[in-house]
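Trainee: This is input_27.json, which holds JSON, C-alpha atoms:
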[["chain", "number", "residue", "atom", "x", "y", "z"],
["A", 1, "MET", "CA", -2.40, -16.64, 51.09],
["A", 2, "SER", "CA", -6.01, -17.46, 50.35],
["A", 3, "ARG", "CA", -7.02, -18.38, 46.88],
["A", 4, "LEU", "CA", -8.67, -15.71, 44.71],
["A", 5, "THR", "CA", -12.38, -16.02, 44.14],
["A", 6, "MET", "CA", -13.83, -16.35, 40.66],
["A", 7, "LYS", "CA", -14.94, -12.69, 40.68],
["A", 8, "GLN", "CA", -11.48, -11.50, 41.70],
["A", 9, "ARG", "CA", -9.87, -13.57, 38.95],
["A", 10, "ARG", "CA", -12.23, -12.02, 36.44],
["A", 11, "ILE", "CA", -11.41, -8.51, 37.65],
["A", 12, "TRP", "CA", -7.67, -9.17, 37.52],
["A", 13, "GLY", "CA", -8.08, -10.61, 34.05],
["A", 14, "TYR", "CA", -9.78, -7.42, 32.86],
["A", 15, "VAL", "CA", -7.10, -5.26, 34.48],
["A", 16, "ILE", "CA", -4.25, -7.20, 32.86],
["A", 17, "ARG", "CA", -5.91, -7.11, 29.43],
["A", 18, "TRP", "CA", -6.50, -3.36, 29.71],
["A", 19, "LEU", "CA", -2.89, -2.76, 30.76],
["A", 20, "ILE", "CA", -1.58, -4.77, 27.83],
["A", 21, "ALA", "CA", -3.92, -2.93, 25.44],
["A", 22, "LEU", "CA", -2.84, 0.48, 26.77],
["A", 23, "ILE", "CA", 0.84, -0.43, 26.47],
["A", 24, "LEU", "CA", 0.36, -1.57, 22.87],
["A", 25, "ILE", "CA", -1.61, 1.57, 22.01],
["A", 26, "ALA", "CA", 1.06, 3.80, 23.55],
["A", 27, "PHE", "CA", 3.77, 1.86, 21.72],
["A", 28, "SER", "CA", 1.94, 2.37, 18.41],
["A", 29, "LEU", "CA", 1.05, 6.04, 18.89],
["A", 30, "PHE", "CA", 4.36, 7.27, 20.30],
["A", 31, "PRO", "CA", 6.18, 7.53, 16.92],
["A", 32, "VAL", "CA", 3.22, 9.37, 15.41],
["A", 33, "LEU", "CA", 3.05, 11.81, 18.32],
["A", 34, "TRP", "CA", 6.81, 12.37, 18.12],
["A", 35, "ILE", "CA", 6.61, 13.18, 14.40],
["A", 36, "ALA", "CA", 3.68, 15.51, 15.05],
["A", 37, "SER", "CA", 5.67, 17.22, 17.80],
["A", 38, "SER", "CA", 8.65, 17.68, 15.48],
["A", 39, "ALA", "CA", 6.39, 19.04, 12.73],
["A", 40, "PHE", "CA", 5.24, 21.90, 14.98],
["A", 41, "ASN", "CA", 8.64, 22.39, 16.62],
["A", 42, "PRO", "CA", 10.52, 25.43, 15.18],
["A", 43, "SER", "CA", 13.92, 24.12, 16.35],
["A", 44, "ASN", "CA", 14.26, 21.94, 13.21],
["A", 45, "THR", "CA", 15.19, 18.76, 15.07],
["A", 46, "LEU", "CA", 13.76, 15.35, 15.88],
["A", 47, "ALA", "CA", 15.67, 15.12, 19.16],
["A", 48, "SER", "CA", 13.31, 17.26, 21.20],
["A", 49, "ALA", "CA", 13.61, 17.11, 24.98],
["A", 50, "THR", "CA", 9.84, 17.07, 25.45],
["A", 51, "LEU", "CA", 6.96, 15.64, 23.51],
["A", 52, "ILE", "CA", 5.22, 19.03, 23.52],
["A", 53, "PRO", "CA", 7.70, 21.81, 22.60],
["A", 54, "ASN", "CA", 7.40, 25.25, 24.12],
["A", 55, "ASN", "CA", 7.11, 27.34, 20.95],
["A", 56, "LEU", "CA", 4.64, 25.58, 18.71],
["A", 57, "GLY", "CA", 4.30, 27.05, 15.24],
["A", 58, "MET", "CA", 3.42, 26.45, 11.60],
["A", 59, "GLY", "CA", 6.81, 27.50, 10.24],
["A", 60, "ASN", "CA", 7.72, 24.00, 9.07],
["A", 61, "PHE", "CA", 4.50, 23.69, 7.08],
["A", 62, "HIS", "CA", 5.08, 27.12, 5.51],
["A", 63, "LYS", "CA", 8.62, 26.08, 4.57],
["A", 64, "LEU", "CA", 7.29, 22.81, 3.17],
["A", 65, "PHE", "CA", 5.05, 24.54, 0.63],
["A", 66, "ASN", "CA", 7.28, 27.51, -0.16],
["A", 67, "THR", "CA", 10.78, 26.09, -0.68],
["A", 68, "PRO", "CA", 12.03, 26.77, -4.23],
["A", 69, "GLY", "CA", 12.84, 23.65, -6.22],
["A", 70, "ARG", "CA", 10.88, 21.39, -3.86],
["A", 71, "PRO", "CA", 7.24, 21.26, -5.03],
["A", 72, "PHE", "CA", 5.68, 19.34, -2.15],
["A", 73, "GLY", "CA", 2.15, 19.63, -3.57],
["A", 74, "ARG", "CA", 3.26, 18.10, -6.85],
["A", 75, "TRP", "CA", 5.05, 15.29, -5.01],
["A", 76, "LEU", "CA", 1.90, 14.47, -3.08],
["A", 77, "TRP", "CA", -0.18, 14.50, -6.24],
["A", 78, "ASN", "CA", 2.37, 12.32, -8.04],
["A", 79, "SER", "CA", 2.17, 9.71, -5.28],
["A", 80, "ILE", "CA", -1.63, 9.68, -5.32],
["A", 81, "LYS", "CA", -1.71, 9.50, -9.12],
["A", 82, "ILE", "CA", 0.87, 6.73, -9.43],
["A", 83, "SER", "CA", -0.63, 4.68, -6.60],
["A", 84, "GLY", "CA", -4.20, 5.18, -7.82],
["A", 85, "ILE", "CA", -3.48, 4.17, -11.42],
["A", 86, "THR", "CA", -1.36, 1.23, -10.31],
["A", 87, "THR", "CA", -4.10, 0.05, -7.96],
["A", 88, "ILE", "CA", -6.86, 0.25, -10.57],
["A", 89, "LEU", "CA", -4.83, -1.54, -13.24],
["A", 90, "SER", "CA", -3.45, -4.11, -10.82],
["A", 91, "VAL", "CA", -6.85, -5.03, -9.40],
["A", 92, "SER", "CA", -8.42, -5.21, -12.87],
["A", 93, "ILE", "CA", -5.74, -7.37, -14.46],
["A", 94, "THR", "CA", -5.33, -9.52, -11.35],
["A", 95, "THR", "CA", -9.05, -10.21, -11.12],
["A", 96, "LEU", "CA", -9.28, -11.28, -14.75],
["A", 97, "ALA", "CA", -6.20, -13.51, -14.43],
["A", 98, "ALA", "CA", -7.42, -15.08, -11.20],
["A", 99, "TYR", "CA", -10.84, -15.76, -12.73],
["A", 100, "ALA", "CA", -9.20, -17.52, -15.67],
["A", 101, "PHE", "CA", -6.95, -19.62, -13.43],
["A", 102, "SER", "CA", -9.83, -20.54, -11.13],
["A", 103, "ARG", "CA", -12.62, -21.30, -13.59],
["A", 104, "PHE", "CA", -10.92, -22.42, -16.81],
["A", 105, "ARG", "CA", -8.80, -25.47, -17.52],
["A", 106, "PHE", "CA", -6.15, -24.95, -20.18],
["A", 107, "SER", "CA", -2.74, -26.29, -21.09],
["A", 108, "GLY", "CA", 0.09, -24.96, -18.91],
["A", 109, "ARG", "CA", -2.25, -23.63, -16.20],
["A", 110, "VAL", "CA", -0.54, -25.39, -13.29],
["A", 111, "ASN", "CA", 2.94, -24.57, -14.55],
["A", 112, "MET", "CA", 2.04, -20.91, -14.93],
["A", 113, "LEU", "CA", 0.74, -20.78, -11.37],
["A", 114, "LYS", "CA", 3.90, -22.43, -10.10],
["A", 115, "GLY", "CA", 5.99, -20.02, -12.13],
["A", 116, "ILE", "CA", 4.19, -17.02, -10.63],
["A", 117, "LEU", "CA", 4.77, -18.42, -7.16],
["A", 118, "LEU", "CA", 8.42, -19.17, -7.89],
["A", 119, "VAL", "CA", 9.10, -15.63, -9.09],
["A", 120, "GLN", "CA", 7.74, -14.24, -5.81],
["A", 121, "VAL", "CA", 10.20, -16.33, -3.80],
["A", 122, "PHE", "CA", 13.17, -14.19, -4.89],
["A", 123, "PRO", "CA", 13.58, -10.77, -3.20],
["A", 124, "ALA", "CA", 12.55, -7.83, -5.38],
["A", 125, "LEU", "CA", 15.89, -6.10, -4.73],
["A", 126, "LEU", "CA", 17.65, -8.75, -6.83],
["A", 127, "ALA", "CA", 15.87, -7.49, -9.95],
["A", 128, "ILE", "CA", 16.63, -3.77, -9.55],
["A", 129, "ILE", "CA", 19.59, -3.76, -11.95],
["A", 130, "ALA", "CA", 17.65, -5.82, -14.50],
["A", 131, "VAL", "CA", 14.62, -3.54, -14.18],
["A", 132, "PHE", "CA", 16.76, -0.42, -14.62],
["A", 133, "THR", "CA", 18.43, -1.89, -17.72],
["A", 134, "LEU", "CA", 15.09, -2.96, -19.17],
["A", 135, "VAL", "CA", 13.48, 0.45, -18.65],
["A", 136, "THR", "CA", 16.56, 2.15, -20.12],
["A", 137, "GLN", "CA", 16.26, 0.04, -23.28],
["A", 138, "PHE", "CA", 12.54, 0.78, -23.51],
["A", 139, "GLU", "CA", 13.37, 4.49, -23.38],
["A", 140, "SER", "CA", 15.24, 4.26, -26.66],
["A", 141, "ILE", "CA", 12.24, 2.54, -28.30],
["A", 142, "ILE", "CA", 9.21, 4.06, -26.56],
["A", 143, "PRO", "CA", 10.26, 7.18, -24.59],
["A", 144, "ALA", "CA", 6.83, 7.44, -22.95],
["A", 145, "ILE", "CA", 7.55, 4.38, -20.79],
["A", 146, "GLY", "CA", 11.26, 4.94, -20.26],
["A", 147, "LEU", "CA", 13.25, 6.48, -17.43],
["A", 148, "ASP", "CA", 11.87, 9.50, -15.62],
["A", 149, "THR", "CA", 8.28, 8.72, -16.61],
["A", 150, "HIS", "CA", 5.39, 7.76, -14.39],
["A", 151, "ALA", "CA", 4.15, 5.28, -17.00],
["A", 152, "GLY", "CA", 7.38, 3.31, -16.85],
["A", 153, "LEU", "CA", 7.29, 3.24, -13.05],
["A", 154, "ILE", "CA", 3.67, 2.09, -13.07],
["A", 155, "LEU", "CA", 4.49, -0.77, -15.44],
["A", 156, "VAL", "CA", 7.27, -1.91, -13.12],
["A", 157, "TYR", "CA", 4.90, -1.77, -10.15],
["A", 158, "LEU", "CA", 2.32, -3.82, -12.04],
["A", 159, "GLY", "CA", 4.84, -6.53, -12.79],
["A", 160, "GLY", "CA", 5.87, -6.79, -9.16],
["A", 161, "ALA", "CA", 2.38, -6.86, -7.66],
["A", 162, "MET", "CA", 0.71, -9.35, -9.97],
["A", 163, "GLY", "CA", 2.07, -12.58, -8.48],
["A", 164, "VAL", "CA", 0.84, -12.44, -4.89],
["A", 165, "ASN", "CA", -2.42, -10.78, -5.85],
["A", 166, "VAL", "CA", -3.23, -13.44, -8.43],
["A", 167, "TRP", "CA", -2.82, -16.16, -5.81],
["A", 168, "LEU", "CA", -4.96, -14.25, -3.29],
["A", 169, "MET", "CA", -7.71, -13.67, -5.82],
["A", 170, "LYS", "CA", -7.62, -17.20, -7.15],
["A", 171, "GLY", "CA", -7.94, -18.60, -3.63],
["A", 172, "PHE", "CA", -11.02, -16.48, -3.05],
["A", 173, "PHE", "CA", -12.52, -17.41, -6.43],
["A", 174, "ASP", "CA", -12.08, -21.09, -5.56],
["A", 175, "THR", "CA", -14.26, -20.65, -2.48],
["A", 176, "ILE", "CA", -17.22, -19.45, -4.58],
["A", 177, "PRO", "CA", -19.34, -22.49, -5.55],
["A", 178, "ARG", "CA", -19.24, -23.43, -9.21],
["A", 179, "ALA", "CA", -22.96, -24.09, -8.99],
["A", 180, "ILE", "CA", -23.47, -20.34, -9.43],
["A", 181, "ASP", "CA", -21.68, -20.45, -12.79],
["A", 182, "GLU", "CA", -23.52, -23.57, -13.90],
["A", 183, "SER", "CA", -26.94, -22.16, -12.98],
["A", 184, "ALA", "CA", -26.22, -18.98, -14.89],
["A", 185, "MET", "CA", -25.04, -20.95, -17.95],
["A", 186, "VAL", "CA", -28.29, -22.89, -17.92],
["A", 187, "ASP", "CA", -30.12, -19.56, -18.15],
["A", 188, "GLY", "CA", -27.98, -18.57, -21.13],
["A", 189, "ALA", "CA", -25.43, -16.29, -19.46],
["A", 190, "THR", "CA", -21.99, -15.90, -20.99],
["A", 191, "HIS", "CA", -18.71, -16.16, -19.08],
["A", 192, "TRP", "CA", -18.36, -12.38, -19.11],
["A", 193, "GLN", "CA", -21.87, -11.90, -17.72],
["A", 194, "ILE", "CA", -21.19, -14.45, -14.99],
["A", 195, "PHE", "CA", -17.95, -12.71, -14.11],
["A", 196, "THR", "CA", -19.29, -9.15, -14.04],
["A", 197, "LEU", "CA", -22.84, -9.65, -12.74],
["A", 198, "LEU", "CA", -22.50, -12.59, -10.35],
["A", 199, "LEU", "CA", -18.93, -13.08, -9.19],
["A", 200, "LEU", "CA", -17.62, -9.53, -8.93],
["A", 201, "PRO", "CA", -20.25, -8.47, -6.33],
["A", 202, "LEU", "CA", -19.23, -11.47, -4.22],
["A", 203, "MET", "CA", -15.57, -10.51, -4.64],
["A", 204, "ARG", "CA", -15.98, -6.91, -3.50],
["A", 205, "PRO", "CA", -14.41, -7.31, -0.03],
["A", 206, "MET", "CA", -11.37, -9.08, -1.46],
["A", 207, "LEU", "CA", -11.06, -6.55, -4.27],
["A", 208, "ILE", "CA", -10.91, -3.77, -1.70],
["A", 209, "VAL", "CA", -8.31, -5.61, 0.39],
["A", 210, "VAL", "CA", -6.07, -6.22, -2.63],
["A", 211, "GLY", "CA", -6.59, -2.64, -3.76],
["A", 212, "ILE", "CA", -5.60, -1.27, -0.35],
["A", 213, "LEU", "CA", -2.48, -3.45, -0.20],
["A", 214, "SER", "CA", -1.48, -2.37, -3.70],
["A", 215, "PHE", "CA", -2.10, 1.32, -2.97],
["A", 216, "ILE", "CA", -0.08, 1.29, 0.25],
["A", 217, "GLY", "CA", 2.76, -0.69, -1.31],
["A", 218, "THR", "CA", 3.22, 1.76, -4.19],
["A", 219, "TYR", "CA", 2.49, 4.87, -2.12],
["A", 220, "GLY", "CA", 5.26, 4.06, 0.35],
["A", 221, "ASP", "CA", 7.84, 2.82, -2.15],
["A", 222, "PHE", "CA", 11.16, 4.64, -2.23],
["A", 223, "ILE", "CA", 13.81, 2.49, -3.93],
["A", 224, "LEU", "CA", 12.25, 1.91, -7.36],
["A", 225, "ALA", "CA", 10.97, 5.47, -7.63],
["A", 226, "ARG", "CA", 14.39, 6.87, -6.65],
["A", 227, "ILE", "CA", 16.13, 4.75, -9.30],
["A", 228, "LEU", "CA", 13.70, 5.22, -12.21],
["A", 229, "LEU", "CA", 12.81, 8.91, -11.73],
["A", 230, "LYS", "CA", 15.43, 11.62, -12.18],
["A", 231, "SER", "CA", 13.76, 15.06, -12.16],
["A", 232, "ALA", "CA", 12.32, 16.65, -9.03],
["A", 233, "ASP", "CA", 8.97, 17.39, -10.70],
["A", 234, "GLN", "CA", 8.46, 13.68, -11.33],
["A", 235, "TYR", "CA", 9.29, 12.53, -7.80],
["A", 236, "PRO", "CA", 6.62, 10.92, -5.63],
["A", 237, "LEU", "CA", 6.25, 11.99, -2.03],
["A", 238, "MET", "CA", 8.69, 9.53, -0.45],
["A", 239, "VAL", "CA", 11.54, 10.45, -2.78],
["A", 240, "GLY", "CA", 10.78, 14.15, -2.47],
["A", 241, "LEU", "CA", 10.86, 14.11, 1.32],
["A", 242, "PHE", "CA", 14.27, 12.46, 1.17],
["A", 243, "LEU", "CA", 15.67, 15.71, -0.22],
["A", 244, "TYR", "CA", 15.00, 17.42, 3.12],
["A", 245, "THR", "CA", 17.37, 15.03, 4.89],
["A", 246, "ALA", "CA", 19.91, 14.30, 2.15],
["A", 247, "GLY", "CA", 22.25, 17.24, 2.80],
["A", 248, "GLN", "CA", 25.13, 16.71, 5.22],
["A", 249, "PHE", "CA", 24.77, 20.06, 6.98],
["A", 250, "SER", "CA", 21.38, 21.24, 5.70],
["A", 251, "GLN", "CA", 18.90, 18.70, 7.01],
["A", 252, "GLN", "CA", 15.45, 20.16, 7.51],
["A", 253, "TRP", "CA", 13.94, 17.70, 9.95],
["A", 254, "GLY", "CA", 11.03, 19.94, 10.83],
["A", 255, "ALA", "CA", 9.86, 20.23, 7.23],
["A", 256, "PHE", "CA", 10.47, 16.50, 6.78],
["A", 257, "ALA", "CA", 8.24, 15.72, 9.79],
["A", 258, "ALA", "CA", 5.54, 18.09, 8.52],
["A", 259, "GLY", "CA", 5.62, 16.42, 5.11],
["A", 260, "ALA", "CA", 5.46, 12.95, 6.65],
["A", 261, "LEU", "CA", 2.46, 14.02, 8.72],
["A", 262, "ILE", "CA", 0.60, 15.35, 5.69],
["A", 263, "GLY", "CA", 1.66, 12.40, 3.56],
["A", 264, "ALA", "CA", 0.09, 9.95, 6.01],
["A", 265, "ALA", "CA", -3.33, 11.59, 5.59],
["A", 266, "PRO", "CA", -4.36, 9.81, 2.32],
["A", 267, "ILE", "CA", -3.64, 6.38, 3.80],
["A", 268, "MET", "CA", -5.54, 7.23, 6.96],
["A", 269, "ILE", "CA", -8.53, 8.53, 4.98],
["A", 270, "VAL", "CA", -8.63, 5.39, 2.84],
["A", 271, "TYR", "CA", -8.56, 3.18, 5.93],
["A", 272, "LEU", "CA", -11.31, 5.15, 7.67],
["A", 273, "LEU", "CA", -13.57, 5.03, 4.61],
["A", 274, "LEU", "CA", -13.04, 1.33, 3.85],
["A", 275, "GLN", "CA", -12.35, -0.21, 7.25],
["A", 276, "ASP", "CA", -15.56, -2.25, 7.28],
["A", 277, "GLN", "CA", -14.83, -3.66, 3.83],
["A", 278, "ILE", "CA", -11.24, -4.45, 4.82],
["A", 279, "VAL", "CA", -12.31, -6.41, 7.89],
["A", 280, "GLY", "CA", -15.05, -8.15, 5.90],
["A", 281, "GLY", "CA", -12.65, -9.19, 3.15],
["A", 282, "LEU", "CA", -10.06, -10.57, 5.58],
["A", 283, "THR", "CA", -12.61, -12.52, 7.64],
["A", 284, "GLN", "CA", -14.55, -13.89, 4.65],
["A", 285, "GLY", "CA", -11.36, -15.00, 3.01],
["A", 286, "SER", "CA", -10.41, -16.96, 6.12],
["A", 287, "VAL", "CA", -13.69, -18.78, 6.86],
["A", 288, "LYS", "CA", -15.16, -19.58, 3.46],
["A", 289, "GLY", "CA", -14.78, -23.08, 2.15]]
Can the structure in the file be given as structure tokens, please?

Mentor:
Amino acid sequence: MSRLTMKQRRIWGYVIRWLIALILIAFSLFPVLWIASSAFNPSNTLASATLIPNNLGMGNFHKLFNTPGRPFGRWLWNSIKISGITTILSVSITTLAAYAFSRFRFSGRVNMLKGILLVQVFPALLAIIAVFTLVTQFESIIPAIGLDTHAGLILVYLGGAMGVNVWLMKGFFDTIPRAIDESAMVDGATHWQIFTLLLLPLMRPMLIVVGILSFIGTYGDFILARILLKSADQYPLMVGLFLYTAGQFSQQWGAFAAGALIGAAPIMIVYLLLQDQIVGGLTQGSVKG
């Protein structure tokens, strides 16, 4: 067999890369297409024989919004509200903490950083009982942040997200030259002015990346929300959708698939609107130094 020429090798290389890309795309899109098929399938099952059912309809979506005792619209709003507030507070507090750890030198700084890292080593599931007990005790003192409240759930989310985000932010702050701070101080700027007017604009890509990670993490959480929230009106989307599949003989897989399809829309919209900033933050964070 004669050896392949350089042009033939290049062509075969393109063909192989395209085949691999198509396989990966199909592998990624197949679950989404299957859920979409089940959402429009009136047979109320996920085990459809074909990807495109014969009798497509909107019955599952109608059932989703008109089932008594299952306020899907409220669940969706609760998820957006909880995730949005958690993201804003988490990014704000994390940025201030990371700025302090990066730019200031104070007693216990290194030990605090090590402590934050050490806490993140242990799985979050180990603290569920402790978190539940703590929130229960808070309920007897301050009912507004106790069980079955969004404020209590948000505080728990903030405590869990601070560690990793502080380290990410601090690492990015360390890549910004201190000469910027020193030049501004020579001109009479305060630390707050340096932080808000000079450093925050440079941190925008990383702020967006941390915000996206925080939003997705809280939006898709099920365990903590299921434990700390008790009434159906307080449920976020993930816990609410679980009700459609919790019954032994009354699973509503079609409505569940329709809800999952609608619930994925906010995440998709956020990604489409901020994709350039996400890519910029990830790449800048990897090459600066």

Trainee: Can you measure atom CA of A:His150 to atom CA of A:Lys170 for me? One decimal in Å is fine.

Mentor: 29.1 Å

Trainee: Please determine, counting all atoms listed in the file, which residue among A:Ser92, A:Asn44, A:Thr67, A:Thr86 has the shortest atom-to-atom distance to A:Gly152.

Mentor: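 For A:Gly152, the nearest of the given residues is A:Thr86.
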
Trainee: Can you pull out the residues contacting A:Pro31? Cut-off 12 Å, using only C-alpha atoms, and skip same-chain residues under 5 positions away; I want them as a list in words.

Mentor: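 My reading of the contact set: Ile25, Ala26, Ala36, Ser37, Ser38, Leu46, Leu51, Ala257, Ala260 and Leu261 of chain A.
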
Trainee: Mind giving me the straight-line distance from atom CA of A:Ile154 to atom CA of A:Ile141 in Å, one decimal?

Mentor: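 Distance between the two atoms: 17.5 Å.
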
Trainee: From the options A:Ala39, A:Leu22, A:Val91, A:Ile116, which residue's atoms come nearest to A:Leu56, counting only C-alpha atoms?

Mentor: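 Between A:Ala39, A:Leu22, A:Val91, A:Ile116, the residue approaching A:Leu56 most closely is A:Ala39.
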
Trainee: When you count all atoms listed in the file, which of these residues is closest to A:Phe61: A:Asn41, A:Thr133, A:Thr5, A:Thr175?

Mentor: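 Ranked by minimum distance to A:Phe61, first place goes to A:Asn41.
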
Trainee: Place N, CA and C atoms on stretch 171-188 of chain A and deliver the coordinates as a compact mmCIF listing (two decimals), in the coordinates of the input.

Mentor:
# COMPACT_ATOMS: atom_id res chain seq x y z
N GLY A 171 -7.47 -17.88 -4.81
CA GLY A 171 -7.94 -18.60 -3.63
C GLY A 171 -9.34 -18.20 -3.24
N PHE A 172 -9.67 -16.92 -3.39
CA PHE A 172 -11.02 -16.48 -3.05
C PHE A 172 -12.02 -16.94 -4.09
N PHE A 173 -11.63 -16.91 -5.37
CA PHE A 173 -12.52 -17.41 -6.43
C PHE A 173 -12.84 -18.89 -6.21
N ASP A 174 -11.86 -19.65 -5.76
CA ASP A 174 -12.08 -21.09 -5.56
C ASP A 174 -13.11 -21.37 -4.47
N THR A 175 -13.29 -20.43 -3.55
CA THR A 175 -14.26 -20.65 -2.48
C THR A 175 -15.70 -20.38 -2.92
N ILE A 176 -15.87 -19.73 -4.07
CA ILE A 176 -17.22 -19.45 -4.58
C ILE A 176 -17.72 -20.70 -5.31
N PRO A 177 -18.86 -21.24 -4.94
CA PRO A 177 -19.34 -22.49 -5.55
C PRO A 177 -19.49 -22.37 -7.07
N ARG A 178 -19.08 -23.41 -7.75
CA ARG A 178 -19.24 -23.43 -9.21
C ARG A 178 -20.70 -23.59 -9.61
N ALA A 179 -21.54 -23.96 -8.67
CA ALA A 179 -22.96 -24.09 -8.99
C ALA A 179 -23.55 -22.77 -9.46
N ILE A 180 -23.00 -21.66 -8.99
CA ILE A 180 -23.47 -20.34 -9.43
C ILE A 180 -23.21 -20.18 -10.92
N ASP A 181 -22.01 -20.55 -11.37
CA ASP A 181 -21.68 -20.45 -12.79
C ASP A 181 -22.57 -21.37 -13.62
N GLU A 182 -22.75 -22.60 -13.14
CA GLU A 182 -23.52 -23.57 -13.90
C GLU A 182 -24.98 -23.16 -14.01
N SER A 183 -25.54 -22.61 -12.93
CA SER A 183 -26.94 -22.16 -12.98
C SER A 183 -27.11 -21.01 -13.95
N ALA A 184 -26.14 -20.10 -13.97
CA ALA A 184 -26.22 -18.98 -14.89
C ALA A 184 -26.08 -19.44 -16.34
N MET A 185 -25.20 -20.44 -16.59
CA MET A 185 -25.04 -20.95 -17.95
C MET A 185 -26.32 -21.61 -18.44
N VAL A 186 -27.02 -22.28 -17.53
CA VAL A 186 -28.29 -22.89 -17.92
C VAL A 186 -29.28 -21.84 -18.38
N ASP A 187 -29.23 -20.67 -17.76
CA ASP A 187 -30.12 -19.56 -18.15
C ASP A 187 -29.61 -18.79 -19.35
N GLY A 188 -28.48 -19.20 -19.91
CA GLY A 188 -27.98 -18.57 -21.13
C GLY A 188 -26.96 -17.48 -20.93
